[in-house]
file coords04.txt (compact mmCIF, C-alpha atoms and all ligand atoms)
# COMPACT_ATOMS: atom_id res chain seq x y z
CA MET N 1 3.18 16.59 11.26
CA PRO N 2 -0.30 18.02 11.90
CA SER N 3 -0.56 21.75 11.29
CA LEU N 4 -0.49 24.03 14.35
CA THR N 5 -1.69 27.10 12.45
CA GLY N 6 -4.40 28.86 14.44
CA LYS N 7 -4.28 26.33 17.29
CA ASN N 8 -4.61 27.74 20.82
CA ILE N 9 -1.73 26.50 22.94
CA ILE N 10 -1.36 27.18 26.66
CA ILE N 11 2.14 26.72 28.10
CA THR N 12 2.91 26.87 31.81
CA GLY N 13 6.44 27.80 32.82
CA ALA N 14 6.91 29.67 29.53
CA SER N 15 9.26 32.31 30.91
CA GLY N 16 12.44 30.31 30.28
CA GLY N 17 14.05 26.94 29.57
CA ILE N 18 12.06 24.36 27.60
CA GLY N 19 8.80 26.27 27.98
CA ALA N 20 10.11 29.37 26.18
CA GLU N 21 11.65 27.20 23.42
CA ILE N 22 8.37 25.34 22.96
CA ALA N 23 6.62 28.73 22.68
CA ARG N 24 9.10 29.91 20.00
CA LEU N 25 8.60 26.77 17.88
CA CYS N 26 4.80 26.85 18.24
CA ALA N 27 4.81 30.52 17.21
CA ALA N 28 6.93 29.70 14.15
CA ARG N 29 4.28 27.14 13.20
CA GLY N 30 1.48 29.70 13.42
CA ALA N 31 -0.12 28.80 16.77
CA ASN N 32 -1.73 31.35 19.10
CA LEU N 33 -0.19 31.23 22.53
CA VAL N 34 -1.01 31.73 26.18
CA LEU N 35 2.22 32.08 28.13
CA LEU N 36 2.03 31.50 31.89
CA ALA N 37 4.66 31.81 34.62
CA ARG N 38 5.47 33.90 37.68
CA SER N 39 8.00 36.16 35.89
CA ILE N 40 5.61 38.41 34.01
CA ASP N 41 8.50 40.64 32.83
CA LYS N 42 10.14 37.70 31.02
CA LEU N 43 6.78 36.65 29.55
CA GLU N 44 6.18 40.18 28.22
CA ILE N 45 9.62 40.19 26.55
CA LEU N 46 8.90 36.81 24.94
CA LYS N 47 5.45 37.97 23.87
CA LYS N 48 6.98 41.03 22.18
CA GLU N 49 9.61 38.88 20.44
CA LEU N 50 6.99 36.46 19.09
CA GLN N 51 4.44 39.06 18.05
CA SER N 52 7.05 41.12 16.23
CA THR N 53 8.07 38.06 14.19
CA TYR N 54 4.83 36.15 13.59
CA ALA N 55 1.22 37.07 12.84
CA ILE N 56 -0.20 35.32 15.89
CA ASN N 57 -2.04 36.20 19.11
CA VAL N 58 -0.02 35.92 22.30
CA HIS N 59 -1.37 36.34 25.84
CA ALA N 60 1.12 36.68 28.68
CA GLN N 61 -0.33 36.16 32.13
CA GLN N 62 1.29 35.90 35.53
CA LEU N 63 0.51 32.64 37.28
CA ASP N 64 2.03 30.77 40.18
CA VAL N 65 0.81 27.22 39.60
CA SER N 66 1.22 26.38 43.28
CA ASP N 67 -1.80 28.64 43.88
CA THR N 68 -4.87 26.66 42.83
CA GLU N 69 -7.25 29.61 43.32
CA ALA N 70 -5.06 31.68 40.98
CA ILE N 71 -5.12 28.81 38.44
CA LYS N 72 -8.93 28.91 38.46
CA ALA N 73 -9.05 32.69 38.05
CA VAL N 74 -6.39 32.85 35.32
CA PHE N 75 -7.80 29.96 33.30
CA PHE N 76 -11.35 31.38 33.51
CA GLU N 77 -10.06 34.69 32.20
CA VAL N 78 -7.85 33.17 29.51
CA LEU N 79 -10.49 30.71 28.31
CA SER N 80 -13.15 33.40 28.12
CA ASP N 81 -10.73 35.30 25.86
CA ILE N 82 -9.48 32.52 23.58
CA ARG N 83 -12.69 30.41 23.96
CA TYR N 84 -10.92 27.04 24.02
CA ALA N 85 -7.52 25.39 24.34
CA ASP N 86 -6.33 22.94 21.68
CA ILE N 87 -3.18 22.04 23.57
CA LEU N 88 -2.04 22.44 27.17
CA VAL N 89 1.67 22.01 27.88
CA ASN N 90 2.14 21.46 31.61
CA ASN N 91 5.77 22.42 31.80
CA ALA N 92 6.13 24.53 34.99
CA GLY N 93 8.25 22.64 37.46
CA PHE N 94 11.34 22.62 39.61
CA GLY N 95 13.49 20.33 41.69
CA ILE N 96 15.76 20.55 44.68
CA PHE N 97 18.39 17.85 45.03
CA ASP N 98 18.60 16.85 48.70
CA TYR N 99 19.02 13.61 50.56
CA ALA N 100 15.68 12.47 52.01
CA HIS N 101 16.87 13.06 55.58
CA GLU N 102 17.88 16.64 54.71
CA ALA N 103 14.85 17.66 52.66
CA LYS N 104 12.90 20.54 54.18
CA ILE N 105 9.16 20.03 54.58
CA ASP N 106 8.47 23.36 52.87
CA ASP N 107 10.53 22.29 49.84
CA ILE N 108 8.78 18.92 49.73
CA LYS N 109 5.35 20.59 49.78
CA SER N 110 6.39 23.17 47.26
CA MET N 111 7.70 20.60 44.75
CA PHE N 112 4.44 18.68 44.99
CA ASP N 113 2.33 21.87 44.81
CA VAL N 114 4.03 22.99 41.59
CA ASN N 115 5.01 19.75 39.84
CA VAL N 116 1.94 17.68 40.74
CA ILE N 117 -1.06 19.58 42.12
CA GLY N 118 -0.49 22.58 39.84
CA LEU N 119 -0.26 20.33 36.80
CA MET N 120 -3.45 18.49 37.77
CA ALA N 121 -5.31 21.74 38.47
CA CYS N 122 -4.32 23.29 35.11
CA THR N 123 -5.37 20.09 33.35
CA SER N 124 -8.75 20.08 35.09
CA MET N 125 -9.40 23.60 33.80
CA VAL N 126 -9.07 22.65 30.12
CA LEU N 127 -10.48 19.10 30.14
CA PRO N 128 -14.21 19.94 30.17
CA GLY N 129 -13.82 22.12 27.05
CA MET N 130 -11.69 19.50 25.30
CA LYS N 131 -14.22 16.78 26.10
CA GLN N 132 -17.04 18.93 24.79
CA ARG N 133 -15.17 19.68 21.57
CA ARG N 134 -13.90 16.10 21.34
CA SER N 135 -10.45 17.40 20.57
CA GLY N 136 -7.35 18.34 22.49
CA HIS N 137 -3.87 17.39 23.60
CA ILE N 138 -2.43 17.45 27.12
CA ILE N 139 1.37 17.34 27.22
CA ASN N 140 2.93 16.79 30.62
CA ILE N 141 6.62 17.49 31.04
CA ALA N 142 7.68 14.80 33.49
CA SER N 143 11.28 13.53 33.56
CA GLN N 144 13.48 10.45 33.39
CA ALA N 145 13.39 10.98 37.17
CA GLY N 146 9.77 9.82 36.93
CA LYS N 147 10.97 6.50 35.51
CA ILE N 148 14.19 5.87 37.42
CA ALA N 149 14.55 7.19 40.96
CA THR N 150 18.10 8.15 41.85
CA PRO N 151 19.78 9.14 45.13
CA LYS N 152 19.46 12.75 46.26
CA SER N 153 16.29 13.30 44.28
CA SER N 154 13.74 11.31 46.25
CA VAL N 155 11.21 14.16 46.42
CA TYR N 156 11.66 15.46 42.87
CA SER N 157 11.60 11.90 41.58
CA ALA N 158 8.47 11.08 43.59
CA SER N 159 6.75 14.18 42.17
CA LYS N 160 7.58 13.12 38.60
CA HIS N 161 6.48 9.52 39.30
CA ALA N 162 3.18 11.08 40.40
CA VAL N 163 2.99 13.03 37.14
CA LEU N 164 3.49 9.82 35.15
CA GLY N 165 0.84 7.96 37.15
CA TYR N 166 -1.64 10.77 36.59
CA THR N 167 -0.75 11.02 32.90
CA ASN N 168 -1.14 7.30 32.25
CA SER N 169 -4.52 7.18 33.96
CA LEU N 170 -5.75 10.31 32.21
CA ARG N 171 -4.72 8.96 28.78
CA MET N 172 -7.06 5.99 29.21
CA GLU N 173 -9.86 8.13 30.67
CA VAL N 174 -10.02 10.50 27.71
CA ALA N 175 -9.06 8.22 24.84
CA ASP N 176 -12.70 7.90 23.75
CA ASP N 177 -13.05 11.70 23.78
CA ASN N 178 -10.37 11.96 21.10
CA ILE N 179 -8.04 13.78 23.52
CA PHE N 180 -4.36 12.87 23.30
CA VAL N 181 -2.18 12.68 26.41
CA THR N 182 1.60 12.62 26.19
CA SER N 183 4.31 12.53 28.83
CA VAL N 184 7.75 13.92 28.11
CA ASN N 185 10.61 12.31 30.02
CA PRO N 186 13.89 14.04 29.37
CA GLY N 187 17.22 13.41 31.01
CA PRO N 188 19.31 16.43 32.02
CA ILE N 189 18.77 19.56 29.91
CA ALA N 190 20.97 22.65 29.95
CA THR N 191 18.55 25.15 31.51
CA ASN N 192 18.33 27.31 34.64
CA PHE N 193 16.65 24.34 36.34
CA PHE N 194 20.01 23.43 37.91
CA GLU N 195 20.52 26.85 39.49
CA VAL N 196 17.85 25.79 41.99
CA ALA N 197 18.22 22.00 41.85
CA ASP N 198 21.98 21.64 42.04
CA LYS N 199 23.32 24.65 43.91
CA GLN N 200 26.76 23.07 44.41
CA GLY N 201 27.07 22.29 40.70
CA THR N 202 28.22 18.70 41.28
CA TYR N 203 25.52 17.11 39.15
CA VAL N 204 25.96 19.55 36.27
CA LYS N 205 29.71 18.92 36.32
CA ASN N 206 29.17 15.14 36.19
CA VAL N 207 26.54 15.03 33.46
CA LYS N 208 27.52 18.04 31.37
CA ARG N 209 28.75 15.93 28.48
CA TYR N 210 25.36 14.37 27.82
CA MET N 211 23.07 17.27 28.66
CA LEU N 212 20.34 17.92 26.12
CA LYS N 213 19.79 21.31 24.53
CA PRO N 214 16.41 22.90 25.39
CA GLU N 215 15.84 23.72 21.68
CA TYR N 216 16.21 20.02 20.81
CA VAL N 217 13.81 18.88 23.54
CA ALA N 218 11.29 21.54 22.51
CA LYS N 219 11.42 20.39 18.88
CA GLN N 220 10.75 16.78 19.88
CA VAL N 221 7.68 17.98 21.79
CA VAL N 222 6.31 20.38 19.18
CA ASP N 223 6.82 17.86 16.32
CA ARG N 224 4.45 15.51 18.14
CA MET N 225 1.70 17.99 18.97
CA MET N 226 -1.80 16.80 17.99
CA THR N 227 -0.52 13.24 17.52
CA THR N 228 -1.22 10.15 19.60
CA THR N 229 2.36 9.92 20.91
CA ARG N 230 2.23 8.23 24.31
CA GLU N 231 5.64 9.16 25.67
CA ILE N 232 8.69 11.07 24.53
CA ASN N 233 11.83 9.70 26.16
CA LEU N 234 15.05 11.66 25.68
CA PRO N 235 17.80 10.83 25.07
CA ARG N 236 16.58 7.57 23.56
CA TRP N 237 19.26 5.43 25.23
CA MET N 238 17.88 6.42 28.63
CA SER N 239 14.58 4.75 27.82
CA SER N 240 16.39 1.41 27.36
CA GLY N 241 17.78 2.05 30.84
CA SER N 242 14.33 2.48 32.33
CA ILE N 243 13.04 -0.69 30.61
CA PHE N 244 15.99 -2.61 32.05
CA TYR N 245 15.31 -1.03 35.46
CA THR N 246 11.67 -2.17 35.37
CA LEU N 247 12.70 -5.70 34.45
CA PHE N 248 15.74 -6.08 36.71
CA PRO N 249 15.51 -3.45 39.47
CA ARG N 250 17.73 -5.28 41.93
CA ILE N 251 20.58 -5.78 39.44
CA PHE N 252 20.20 -2.23 38.22
CA GLU N 253 20.35 -0.69 41.68
CA ARG N 254 23.30 -2.85 42.69
CA PHE N 255 25.47 -2.33 39.64
CA GLY N 256 24.13 1.04 38.52
CA LYS N 257 24.83 2.70 41.88
CA LYS N 258 27.91 4.51 40.62
CA VAL N 259 26.12 5.74 37.51
CA PHE N 260 23.13 6.90 39.56
CA ASN N 261 25.20 8.65 42.21
CA GLN N 262 25.92 11.76 40.17
CA LYS N 263 24.53 14.36 42.55
N1 LIG J 1 16.36 20.78 33.03
C1 LIG J 1 16.29 19.49 33.19
O1 LIG J 1 17.31 18.79 33.29
C2 LIG J 1 14.97 18.78 33.20
C3 LIG J 1 14.94 17.40 32.98
C4 LIG J 1 13.74 16.73 32.98
C5 LIG J 1 12.57 17.42 33.20
N2 LIG J 1 12.60 18.76 33.41
C6 LIG J 1 11.33 19.44 33.65
O2 LIG J 1 11.13 20.37 32.61
C7 LIG J 1 10.30 21.42 33.05
C8 LIG J 1 10.89 22.75 32.66
O3 LIG J 1 12.14 22.89 33.29
P1 LIG J 1 13.36 23.68 32.64
O4 LIG J 1 14.49 22.73 32.55
O5 LIG J 1 12.95 24.42 31.45
O6 LIG J 1 13.69 24.64 33.87
P2 LIG J 1 13.72 26.24 34.01
O7 LIG J 1 14.57 26.81 32.95
O8 LIG J 1 14.05 26.48 35.42
O9 LIG J 1 12.20 26.67 33.72
C9 LIG J 1 11.19 26.36 34.62
C10 LIG J 1 9.95 27.12 34.24
O10 LIG J 1 8.91 26.79 35.18
C11 LIG J 1 8.40 27.99 35.72
N3 LIG J 1 7.94 27.80 37.09
C12 LIG J 1 8.64 27.34 38.15
N4 LIG J 1 7.87 27.39 39.25
C13 LIG J 1 6.67 27.89 38.87
C14 LIG J 1 5.47 28.20 39.55
N5 LIG J 1 5.34 28.03 40.86
N6 LIG J 1 4.43 28.68 38.83
C15 LIG J 1 4.55 28.91 37.50
N7 LIG J 1 5.66 28.64 36.80
C16 LIG J 1 6.71 28.15 37.49
C17 LIG J 1 9.53 29.01 35.63
O11 LIG J 1 9.00 30.33 35.52
P3 LIG J 1 8.93 31.42 36.69
O12 LIG J 1 10.14 31.24 37.55
O13 LIG J 1 8.88 32.69 35.93
O14 LIG J 1 7.65 31.14 37.40
C18 LIG J 1 10.16 28.62 34.29
O15 LIG J 1 9.49 29.23 33.23
C19 LIG J 1 10.12 21.21 34.56
O16 LIG J 1 8.88 20.59 34.80
C20 LIG J 1 11.25 20.27 34.91
O17 LIG J 1 10.94 19.48 36.04
C21 LIG J 1 13.76 19.46 33.41
call {"tool": "encode", "arguments": {"input": "coords04.txt", "output": "structure tokens"}}
result
Amino acid sequence: MPSLTGKNIIITGASGGIGAEIARLCAARGANLVLLARSIDKLEILKKELQSTYAINVHAQQLDVSDTEAIKAVFFEVLSDIRYADILVNNAGFGIFDYAHEAKIDDIKSMFDVNVIGLMACTSMVLPGMKQRRSGHIINIASQAGKIATPKSSVYSASKHAVLGYTNSLRMEVADDNIFVTSVNPGPIATNFFEVADKQGTYVKNVKRYMLKPEYVAKQVVDRMMTTTREINLPRWMSSGSIFYTLFPRIFERFGKKVFNQK
């Protein structure tokens, strides 16, 4: 595993869930951190926790990634402080499980603003510096929903498919600049994500037994920082599912309907 000591790592959506766990593991490995999210109070608490345990620099900055002007302002400020980013973890994201005919336009826009446009805008803020330094790693937290679309998550799934398309193109664009680009595609993880996504609790009830722990997902991500890992698919058996889906979509949709209909 490459050392993370002294690396500058920016994490969006660091106030909870996977983002906060990624921050804890990066801190334990000696990285300096920039923690971004809307809940500045939670970021300040995390900052205090990390700085009282490790000899590292931690910035906590409020940022709503659906606001592209704010992204520009915050990244300018942060980058003028830390000078450069070694790693950007685009983790901020959310989903709302609705049937396509029920989905509200505001929710649709909002999911794309945060999950897609926000991720692209944050990436565009660090890429010039990474290209100049010929070093860097962009890690995009997508989802298994970006590989297999399931009922009642058409919008969320479409946003994560967009993330994967962007990630795959970017990887090829910057390969010669020695910048690594990784997508992370987890299945369900036990985080607050479902408080917004699955208000009725049906999905959580149905998939509880194979939900991943955020600490485990974070470790898989942090272990692969500054490596050429293309994709992290979790749990591993789900990636066989998406390969099968790509090869035999019609069979998969026909016979997998019951498995997919968990929401
Ligand atoms: N949980 C799952 O089952 C699962 C599975 C696959 C992929 N994912 C993806 O993993 C990522 C992290 O999710 P999680 O499970 O850790 O969920 P979570 O516990 O709800 O955390 C989401 C994080 O994103 C931040 N965030 C949300 N909207 C934001 C905005 N507009 N601007 C800035 N930050 C924002 C939240 O912070 P604030 O509210 O403080 O802004 C929070 O820190 C998401 O991209 C999600 O799509 C989750």
call {"tool": "atom_distance", "arguments": {"input": "coords04.txt", "atom1": "atom CA of N:Asp198", "atom2": "atom N1 of ligand LIG 1 (chain J)"}}
result
10.7 Å
call {"tool": "residues_near_ligand", "arguments": {"input": "coords04.txt", "ligand": "ligand LIG 1 (chain J)", "cutoff": "7 Å", "atoms": "only C-alpha atoms and all ligand atoms", "output": "PyMOL selection string"}}
result
chain N and resi 12-19+36-40+63-66+91-95+114-115+141-144+185-194
call {"tool": "closest_residue", "arguments": {"input": "coords04.txt", "among": "N:Phe260, N:Thr182, N:Ala31, N:Arg24", "to": "N:Ile139", "atoms": "all atoms listed in the file"}}
result
N:Thr182
call {"tool": "residues_around", "arguments": {"input": "coords04.txt", "residues": "N:Phe112", "least_positions_apart": "2", "cutoff": "12 Å", "atoms": "all atoms listed in the file", "output": "PyMOL selection string"}}
result
chain N and resi 65-67+92-96+105-110+114-120+154-163
call {"tool": "closest_residue", "arguments": {"input": "coords04.txt", "among": "N:Ala23, N:Ala197, N:Ala149, N:Val89", "to": "N:Glu215", "atoms": "all atoms listed in the file"}}
result
N:Ala23
